[in-house]
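What's in work.pdb: PDB, C-alpha atoms, pLDDT in the B column
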ATOM      1  CA  MET G   1     -36.692   8.697  41.194  1.00 80.00           C
ATOM      2  CA  ILE G   2     -39.521  11.214  40.752  1.00 85.00           C
ATOM      3  CA  ASN G   3     -40.042  11.376  44.505  1.00 86.00           C
ATOM      4  CA  ARG G   4     -36.344  12.023  45.097  1.00 89.00           C
ATOM      5  CA  VAL G   5     -36.364  14.963  42.674  1.00 92.00           C
ATOM      6  CA  VAL G   6     -39.686  16.330  43.954  1.00 92.00           C
ATOM      7  CA  ASN G   7     -38.442  16.160  47.560  1.00 93.00           C
ATOM      8  CA  THR G   8     -35.659  18.575  46.634  1.00 95.00           C
ATOM      9  CA  PHE G   9     -38.308  21.217  45.938  1.00 96.00           C
ATOM     10  CA  GLN G  10     -40.736  20.409  48.778  1.00 96.00           C
ATOM     11  CA  PRO G  11     -39.739  23.367  51.003  1.00 96.00           C
ATOM     12  CA  VAL G  12     -40.434  25.963  48.281  1.00 96.00           C
ATOM     13  CA  ILE G  13     -43.550  24.096  47.122  1.00 96.00           C
ATOM     14  CA  LYS G  14     -44.994  24.107  50.646  1.00 96.00           C
ATOM     15  CA  GLU G  15     -43.919  27.662  51.462  1.00 96.00           C
ATOM     16  CA  ASN G  16     -45.572  29.032  48.318  1.00 95.00           C
ATOM     17  CA  LYS G  17     -48.608  26.726  48.412  1.00 95.00           C
ATOM     18  CA  ILE G  18     -47.945  25.312  44.965  1.00 96.00           C
ATOM     19  CA  ASN G  19     -50.455  22.642  44.007  1.00 97.00           C
ATOM     20  CA  LEU G  20     -48.221  19.804  42.796  1.00 97.00           C
ATOM     21  CA  GLU G  21     -49.980  16.921  41.097  1.00 97.00           C
ATOM     22  CA  ILE G  22     -47.999  13.775  40.285  1.00 95.00           C
ATOM     23  CA  ASP G  23     -49.502  11.172  37.978  1.00 94.00           C
ATOM     24  CA  CYS G  24     -47.165   8.215  37.636  1.00 91.00           C
ATOM     25  CA  PRO G  25     -47.852   4.492  37.981  1.00 88.00           C
ATOM     26  CA  GLN G  26     -46.143   3.066  41.064  1.00 84.00           C
ATOM     27  CA  ASP G  27     -44.869   0.096  39.053  1.00 84.00           C
ATOM     28  CA  LEU G  28     -43.359   2.111  36.183  1.00 85.00           C
ATOM     29  CA  ILE G  29     -39.879   0.726  35.502  1.00 80.00           C
ATOM     30  CA  VAL G  30     -37.658   1.955  32.688  1.00 79.00           C
ATOM     31  CA  ASN G  31     -34.224   0.694  31.693  1.00 79.00           C
ATOM     32  CA  THR G  32     -32.391   4.004  31.389  1.00 81.00           C
ATOM     33  CA  ILE G  33     -29.352   5.902  32.600  1.00 82.00           C
ATOM     34  CA  PRO G  34     -30.626   7.214  35.960  1.00 85.00           C
ATOM     35  CA  ASN G  35     -28.326  10.238  36.225  1.00 88.00           C
ATOM     36  CA  LEU G  36     -29.510  11.595  32.895  1.00 91.00           C
ATOM     37  CA  LEU G  37     -33.175  11.078  33.731  1.00 92.00           C
ATOM     38  CA  GLU G  38     -32.682  12.774  37.088  1.00 93.00           C
ATOM     39  CA  ILE G  39     -31.016  15.771  35.398  1.00 95.00           C
ATOM     40  CA  ILE G  40     -33.985  16.069  33.031  1.00 96.00           C
ATOM     41  CA  LEU G  41     -36.566  15.902  35.828  1.00 96.00           C
ATOM     42  CA  TYR G  42     -34.665  18.269  38.117  1.00 96.00           C
ATOM     43  CA  ASN G  43     -34.208  21.027  35.542  1.00 96.00           C
ATOM     44  CA  LEU G  44     -37.767  20.864  34.213  1.00 97.00           C
ATOM     45  CA  LEU G  45     -39.256  20.895  37.703  1.00 97.00           C
ATOM     46  CA  GLU G  46     -36.951  23.722  38.802  1.00 95.00           C
ATOM     47  CA  ASN G  47     -38.116  25.834  35.855  1.00 94.00           C
ATOM     48  CA  ALA G  48     -41.769  24.985  36.517  1.00 96.00           C
ATOM     49  CA  VAL G  49     -41.471  26.113  40.145  1.00 96.00           C
ATOM     50  CA  TYR G  50     -39.592  29.290  39.258  1.00 93.00           C
ATOM     51  CA  TYR G  51     -41.834  30.416  36.400  1.00 91.00           C
ATOM     52  CA  CYS G  52     -44.994  29.716  38.401  1.00 92.00           C
ATOM     53  CA  LEU G  53     -43.794  31.921  41.218  1.00 92.00           C
ATOM     54  CA  ILE G  54     -42.998  34.971  39.095  1.00 89.00           C
ATOM     55  CA  LYS G  55     -46.580  35.147  37.828  1.00 87.00           C
ATOM     56  CA  PRO G  56     -48.514  37.378  40.250  1.00 83.00           C
ATOM     57  CA  ASN G  57     -51.929  36.622  41.769  1.00 76.00           C
ATOM     58  CA  THR G  58     -52.063  32.992  40.719  1.00 76.00           C
ATOM     59  CA  ASP G  59     -53.072  29.724  42.313  1.00 92.00           C
ATOM     60  CA  TYR G  60     -49.789  28.032  41.465  1.00 96.00           C
ATOM     61  CA  SER G  61     -50.101  24.646  39.795  1.00 97.00           C
ATOM     62  CA  ILE G  62     -47.560  22.118  38.541  1.00 98.00           C
ATOM     63  CA  LYS G  63     -48.437  18.749  37.047  1.00 98.00           C
ATOM     64  CA  LEU G  64     -45.850  16.029  36.564  1.00 97.00           C
ATOM     65  CA  LYS G  65     -46.993  13.007  34.596  1.00 96.00           C
ATOM     66  CA  ALA G  66     -45.140   9.895  33.425  1.00 93.00           C
ATOM     67  CA  TYR G  67     -46.547   7.050  31.353  1.00 94.00           C
ATOM     68  CA  ILE G  68     -45.732   4.586  28.584  1.00 91.00           C
ATOM     69  CA  SER G  69     -47.016   5.264  25.070  1.00 93.00           C
ATOM     70  CA  GLU G  70     -45.964   3.593  21.820  1.00 90.00           C
ATOM     71  CA  GLU G  71     -42.902   1.928  23.376  1.00 87.00           C
ATOM     72  CA  LYS G  72     -41.709   5.228  24.847  1.00 91.00           C
ATOM     73  CA  LEU G  73     -41.533   6.734  28.288  1.00 92.00           C
ATOM     74  CA  VAL G  74     -43.397  10.040  28.151  1.00 96.00           C
ATOM     75  CA  ILE G  75     -42.825  12.634  30.873  1.00 96.00           C
ATOM     76  CA  THR G  76     -44.811  15.862  30.904  1.00 98.00           C
ATOM     77  CA  VAL G  77     -44.146  18.812  33.178  1.00 98.00           C
ATOM     78  CA  PHE G  78     -46.903  21.437  33.133  1.00 98.00           C
ATOM     79  CA  ASP G  79     -46.974  24.751  34.989  1.00 96.00           C
ATOM     80  CA  ASN G  80     -49.414  27.648  34.971  1.00 96.00           C
ATOM     81  CA  GLY G  81     -46.656  30.238  35.032  1.00 92.00           C
ATOM     82  CA  ILE G  82     -45.787  32.977  32.571  1.00 91.00           C
ATOM     83  CA  GLY G  83     -45.498  30.722  29.516  1.00 90.00           C
ATOM     84  CA  VAL G  84     -43.106  30.968  26.592  1.00 86.00           C
ATOM     85  CA  ASP G  85     -43.587  33.232  23.599  1.00 86.00           C
ATOM     86  CA  GLU G  86     -43.672  31.317  20.321  1.00 85.00           C
ATOM     87  CA  SER G  87     -41.001  33.589  18.835  1.00 79.00           C
ATOM     88  CA  ILE G  88     -38.339  32.199  21.201  1.00 81.00           C
ATOM     89  CA  ARG G  89     -39.351  28.531  21.515  1.00 79.00           C
ATOM     90  CA  ASN G  90     -36.754  27.397  18.997  1.00 82.00           C
ATOM     91  CA  GLN G  91     -34.026  29.098  21.034  1.00 76.00           C
ATOM     92  CA  LEU G  92     -34.977  27.663  24.442  1.00 80.00           C
ATOM     93  CA  PHE G  93     -32.506  24.792  24.216  1.00 76.00           C
ATOM     94  CA  GLU G  94     -29.530  26.859  23.059  1.00 75.00           C
ATOM     95  CA  MET G  95     -26.583  27.207  25.394  1.00 75.00           C
ATOM     96  CA  PHE G  96     -26.730  30.414  27.478  1.00 71.00           C
ATOM     97  CA  PHE G  97     -30.151  31.428  26.114  1.00 65.00           C
ATOM     98  CA  ARG G  98     -32.321  33.253  28.638  1.00 70.00           C
ATOM     99  CA  GLY G  99     -35.927  33.662  27.546  1.00 66.00           C
ATOM    100  CA  THR G 100     -37.085  36.677  29.555  1.00 66.00           C
ATOM    101  CA  GLU G 101     -35.832  39.469  31.750  1.00 65.00           C
ATOM    102  CA  PHE G 102     -37.094  37.306  34.635  1.00 67.00           C
ATOM    103  CA  SER G 103     -34.833  34.407  33.684  1.00 66.00           C
ATOM    104  CA  LYS G 104     -32.496  33.305  36.393  1.00 73.00           C
ATOM    105  CA  GLY G 105     -29.240  31.454  36.162  1.00 72.00           C
ATOM    106  CA  ASN G 106     -26.940  31.344  33.187  1.00 72.00           C
ATOM    107  CA  GLY G 107     -29.142  29.837  30.478  1.00 71.00           C
ATOM    108  CA  LEU G 108     -27.873  26.280  30.768  1.00 81.00           C
ATOM    109  CA  GLY G 109     -30.832  24.414  32.318  1.00 83.00           C
ATOM    110  CA  LEU G 110     -32.847  23.662  29.195  1.00 89.00           C
ATOM    111  CA  TYR G 111     -29.676  23.212  27.151  1.00 91.00           C
ATOM    112  CA  ILE G 112     -28.668  20.452  29.584  1.00 93.00           C
ATOM    113  CA  VAL G 113     -32.179  18.962  29.471  1.00 95.00           C
ATOM    114  CA  ASN G 114     -32.047  18.793  25.681  1.00 94.00           C
ATOM    115  CA  LYS G 115     -28.534  17.337  25.695  1.00 94.00           C
ATOM    116  CA  ALA G 116     -29.567  14.645  28.209  1.00 94.00           C
ATOM    117  CA  VAL G 117     -32.769  13.827  26.297  1.00 95.00           C
ATOM    118  CA  ARG G 118     -30.928  13.576  22.991  1.00 93.00           C
ATOM    119  CA  SER G 119     -28.192  11.456  24.559  1.00 90.00           C
ATOM    120  CA  LEU G 120     -30.934   8.978  25.501  1.00 91.00           C
ATOM    121  CA  ASN G 121     -32.157   9.036  21.873  1.00 91.00           C
ATOM    122  CA  GLY G 122     -35.276  10.975  22.826  1.00 95.00           C
ATOM    123  CA  LYS G 123     -36.896  14.283  22.067  1.00 96.00           C
ATOM    124  CA  VAL G 124     -38.421  17.163  23.985  1.00 97.00           C
ATOM    125  CA  ILE G 125     -41.414  19.207  22.833  1.00 96.00           C
ATOM    126  CA  VAL G 126     -42.580  22.562  24.198  1.00 95.00           C
ATOM    127  CA  GLU G 127     -46.204  23.659  24.261  1.00 96.00           C
ATOM    128  CA  SER G 128     -47.107  27.023  25.725  1.00 95.00           C
ATOM    129  CA  GLU G 129     -49.496  29.913  25.778  1.00 94.00           C
ATOM    130  CA  PRO G 130     -47.867  33.133  27.010  1.00 93.00           C
ATOM    131  CA  GLY G 131     -49.357  34.294  30.289  1.00 91.00           C
ATOM    132  CA  LYS G 132     -51.124  30.968  30.845  1.00 94.00           C
ATOM    133  CA  PHE G 133     -48.974  27.832  30.831  1.00 96.00           C
ATOM    134  CA  SER G 134     -45.949  25.868  29.664  1.00 96.00           C
ATOM    135  CA  ARG G 135     -45.802  22.134  29.049  1.00 98.00           C
ATOM    136  CA  PHE G 136     -42.583  20.264  28.364  1.00 98.00           C
ATOM    137  CA  ILE G 137     -43.059  16.786  26.907  1.00 98.00           C
ATOM    138  CA  VAL G 138     -40.095  14.409  26.999  1.00 97.00           C
ATOM    139  CA  GLN G 139     -40.228  11.192  24.977  1.00 96.00           C
ATOM    140  CA  LEU G 140     -37.584   8.542  25.635  1.00 93.00           C
ATOM    141  CA  PRO G 141     -37.139   4.986  24.383  1.00 90.00           C
ATOM    142  CA  LEU G 142     -37.905   2.363  27.028  1.00 82.00           C
ATOM    143  CA  GLU G 143     -34.459   0.843  26.653  1.00 76.00           C
ATOM    144  CA  ALA G 144     -31.694   3.417  26.957  1.00 66.00           C
ATOM    145  CA  SER G 145     -28.517   2.446  25.211  1.00 58.00           C
ATOM    146  CA  GLN G 146     -25.370   3.381  27.102  1.00 59.00           C
ATOM    147  CA  GLU G 147     -23.446   2.941  23.864  1.00 61.00           C
ATOM    148  CA  TYR G 148     -25.725   5.469  22.137  1.00 62.00           C
ATOM    149  CA  ALA G 149     -25.207   7.949  24.987  1.00 59.00           C
ATOM    150  CA  PHE G 150     -21.424   7.581  24.778  1.00 60.00           C
ATOM    151  CA  ASN G 151     -21.478   8.023  21.001  1.00 62.00           C
ATOM    152  CA  PHE G 152     -23.724  11.072  21.260  1.00 59.00           C
ATOM    153  CA  LEU G 153     -21.919  12.776  24.123  1.00 58.00           C
ATOM    154  CA  GLY G 154     -18.422  11.623  23.282  1.00 54.00           C
ATOM    155  CA  ASN G 155     -16.059  10.236  25.877  1.00 46.00           C
ATOM    156  CA  ASN G 156     -14.850  13.719  26.814  1.00 37.00           C
ATOM    157  CA  HIS G 157     -18.296  14.635  28.135  1.00 36.00           C
ATOM    158  CA  SER G 158     -19.338  11.342  29.703  1.00 33.00           C
ATOM    159  CA  GLU G 159     -17.700  12.113  33.048  1.00 29.00           C
ATOM    160  CA  TYR G 160     -19.974  15.117  33.539  1.00 30.00           C
ATOM    161  CA  PHE G 161     -23.052  12.895  33.462  1.00 26.00           C
ATOM    162  CA  TYR G 162     -21.647   9.849  35.267  1.00 26.00           C
ATOM    163  CA  ARG G 163     -19.943  11.289  38.358  1.00 29.00           C
TER     164      ARG G 163
END
Encoding of this model in structure tokens:
Amino acid sequence: MINRVVNTFQPVIKENKINLEIDCPQDLIVNTIPNLLEIILYNLLENAVYYCLIKPNTDYSIKLKAYISEEKLVITVFDNGIGVDESIRNQLFEMFFRGTEFSKGNGLGLYIVNKAVRSLNGKVIVESEPGKFSRFIVQLPLEASQEYAFNFLGNNHSEYFYR
């Protein structure tokens, strides 16, 4: 799954000479809802690429790591882009929130990430130092419950994630 998501960004990664480091065991298997996990990975990697590239005069670096810790799947996405000011970290996952004047899109990416993570009974943590880096840490249970996801999202929203 990670390779499929990363391949989506390969043209821009190569064109901009972004150093992408992936640290994930080849035999890592998790019982989860694949569409939700793919949405999480895609949006976090898209942001990492974008916010690296708007920082001038930088050797661009993104690190994607996945591992098991304390019965949880932990995914970290690190970039050495512009970072996130502490004053807005609590707002990052709000619908339509755009963190900087450089923000692209409509402010839904991290909202969707948070919704997908929470629907899998997980949590997402942000670590950052403005001007230096951002790290998003996603923690998910090893066994995703489809029933939990349906209860969290509600049947009205399940079609969006299961097309």
One decimal, Å: what's the distance from atom CA of G:Val138 over to atom CA of G:Arg118, could you say?
10.0 Å
Given the file shown, determine the residues that the PyMOL selection byres ((chain G and resi 114) around 12) selects; report them as a PyMOL selection string.
chain G and resi 36-37+39-41+43-44+90-95+108-113+115-126+136-140+153
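The residues returned by the PyMOL selection byres ((chain G and resi 75) around 7) for this structure are Lys65, Ala66, Tyr67, Leu73, Val74, Thr76, Val77, Ile137, Val138 and Gln139 of chain G.
When all atoms listed in the file are used to compute distances to G:Asn57, the closest of the residues G:Gly81, G:Thr8, G:Phe96, G:Lys72 turns out to be G:Gly81.
Atom CA of G:Tyr51 is found 13.2 Å from atom CA of G:Asp85.
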Tell me which of G:Thr32, G:Ser134, G:Asn7, G:Ser69 sits closest to G:Ile82, counting all atoms listed in the file.
G:Ser134
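Rounded to one decimal, atom CA of G:Asp79 and atom CA of G:Ala48 lie 5.4 Å from each other.
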Answer key for the PyMOL selection byres ((chain G and resi 60) around 9), residues as number ranges by chain
G: 16-20, 49, 52-53, 55, 57-59, 61-62, 79-81
List the residues sitting within 7 Å of (-48.4, 31.4, 26.9) in the file's frame, using all atoms listed in the file, as a PyMOL selection string.
chain G and resi 82-85+128-134
Under the rule that all atoms listed in the file are counted, which of G:Arg4, G:Arg89, G:Lys14, G:Lys104 is the nearest residue to G:Glu38?
G:Arg4
Name the residues in contact with G:Val6 at a cut-off of 8 Å, using only C-alpha atoms, excluding same-chain residues fewer than 4 positions from it; report them as a PyMOL selection string.
chain G and resi 2+10+42+45
Store the residues of this selection in a file with C-alpha atoms, as a PDB file, in the coordinates of the input.
ATOM      1  CA  ILE G   2     -39.521  11.214  40.752  1.00 85.00           C
ATOM      2  CA  GLN G  10     -40.736  20.409  48.778  1.00 96.00           C
ATOM      3  CA  TYR G  42     -34.665  18.269  38.117  1.00 96.00           C
ATOM      4  CA  LEU G  45     -39.256  20.895  37.703  1.00 97.00           C
TER       5      LEU G  45
END
Where atoms are absent from stretch 10-35 of chain G, fill them in so it carries N, CA and C atoms, then output it as an mmCIF file, keeping the file's coordinate frame.
data_model
loop_
_atom_site.group_PDB
_atom_site.id
_atom_site.type_symbol
_atom_site.label_atom_id
_atom_site.label_comp_id
_atom_site.auth_asym_id
_atom_site.auth_seq_id
_atom_site.Cartn_x
_atom_site.Cartn_y
_atom_site.Cartn_z
ATOM 1 N N GLN G 10 -39.619 20.366 47.835
ATOM 2 C CA GLN G 10 -40.736 20.409 48.778
ATOM 3 C C GLN G 10 -40.773 21.666 49.642
ATOM 4 N N PRO G 11 -39.655 22.150 50.173
ATOM 5 C CA PRO G 11 -39.739 23.367 51.003
ATOM 6 C C PRO G 11 -40.345 24.557 50.256
ATOM 7 N N VAL G 12 -39.907 24.817 49.038
ATOM 8 C CA VAL G 12 -40.434 25.963 48.281
ATOM 9 C C VAL G 12 -41.866 25.696 47.816
ATOM 10 N N ILE G 13 -42.184 24.456 47.525
ATOM 11 C CA ILE G 13 -43.550 24.096 47.122
ATOM 12 C C ILE G 13 -44.513 24.346 48.272
ATOM 13 N N LYS G 14 -44.132 23.905 49.471
ATOM 14 C CA LYS G 14 -44.994 24.107 50.646
ATOM 15 C C LYS G 14 -45.086 25.575 51.022
ATOM 16 N N GLU G 15 -43.954 26.252 51.059
ATOM 17 C CA GLU G 15 -43.919 27.662 51.462
ATOM 18 C C GLU G 15 -44.793 28.530 50.561
ATOM 19 N N ASN G 16 -44.826 28.219 49.281
ATOM 20 C CA ASN G 16 -45.572 29.032 48.318
ATOM 21 C C ASN G 16 -46.923 28.433 47.939
ATOM 22 N N LYS G 17 -47.299 27.369 48.622
ATOM 23 C CA LYS G 17 -48.608 26.726 48.412
ATOM 24 C C LYS G 17 -48.844 26.369 46.944
ATOM 25 N N ILE G 18 -47.823 25.779 46.343
ATOM 26 C CA ILE G 18 -47.945 25.312 44.965
ATOM 27 C C ILE G 18 -48.700 23.986 44.977
ATOM 28 N N ASN G 19 -49.725 23.898 44.152
ATOM 29 C CA ASN G 19 -50.455 22.642 44.007
ATOM 30 C C ASN G 19 -49.664 21.752 43.055
ATOM 31 N N LEU G 20 -49.020 20.725 43.602
ATOM 32 C CA LEU G 20 -48.221 19.804 42.796
ATOM 33 C C LEU G 20 -48.993 18.502 42.644
ATOM 34 N N GLU G 21 -49.243 18.148 41.406
ATOM 35 C CA GLU G 21 -49.980 16.921 41.097
ATOM 36 C C GLU G 21 -49.027 15.977 40.371
ATOM 37 N N ILE G 22 -48.868 14.774 40.904
ATOM 38 C CA ILE G 22 -47.999 13.775 40.285
ATOM 39 C C ILE G 22 -48.865 12.614 39.823
ATOM 40 N N ASP G 23 -48.749 12.278 38.556
ATOM 41 C CA ASP G 23 -49.502 11.172 37.978
ATOM 42 C C ASP G 23 -48.496 10.215 37.345
ATOM 43 N N CYS G 24 -48.163 9.176 38.094
ATOM 44 C CA CYS G 24 -47.165 8.215 37.636
ATOM 45 C C CYS G 24 -47.494 6.855 38.244
ATOM 46 N N PRO G 25 -47.596 5.820 37.425
ATOM 47 C CA PRO G 25 -47.852 4.492 37.981
ATOM 48 C C PRO G 25 -46.741 4.082 38.947
ATOM 49 N N GLN G 26 -47.125 3.494 40.062
ATOM 50 C CA GLN G 26 -46.143 3.066 41.064
ATOM 51 C C GLN G 26 -45.199 1.995 40.521
ATOM 52 N N ASP G 27 -45.667 1.208 39.566
ATOM 53 C CA ASP G 27 -44.869 0.096 39.053
ATOM 54 C C ASP G 27 -44.141 0.430 37.747
ATOM 55 N N LEU G 28 -44.021 1.701 37.423
ATOM 56 C CA LEU G 28 -43.359 2.111 36.183
ATOM 57 C C LEU G 28 -41.849 1.909 36.312
ATOM 58 N N ILE G 29 -41.314 1.017 35.495
ATOM 59 C CA ILE G 29 -39.879 0.726 35.502
ATOM 60 C C ILE G 29 -39.354 0.934 34.088
ATOM 61 N N VAL G 30 -38.257 1.664 33.988
ATOM 62 C CA VAL G 30 -37.658 1.955 32.688
ATOM 63 C C VAL G 30 -36.173 1.644 32.774
ATOM 64 N N ASN G 31 -35.650 0.978 31.758
ATOM 65 C CA ASN G 31 -34.224 0.694 31.693
ATOM 66 C C ASN G 31 -33.544 1.902 31.052
ATOM 67 N N THR G 32 -32.979 2.767 31.890
ATOM 68 C CA THR G 32 -32.391 4.004 31.389
ATOM 69 C C THR G 32 -31.116 4.316 32.154
ATOM 70 N N ILE G 33 -30.527 5.432 31.865
ATOM 71 C CA ILE G 33 -29.352 5.902 32.600
ATOM 72 C C ILE G 33 -29.877 6.874 33.650
ATOM 73 N N PRO G 34 -29.936 6.444 34.919
ATOM 74 C CA PRO G 34 -30.626 7.214 35.960
ATOM 75 C C PRO G 34 -30.139 8.648 36.120
ATOM 76 N N ASN G 35 -28.845 8.876 36.035
ATOM 77 C CA ASN G 35 -28.326 10.238 36.225
ATOM 78 C C ASN G 35 -28.884 11.198 35.180
#
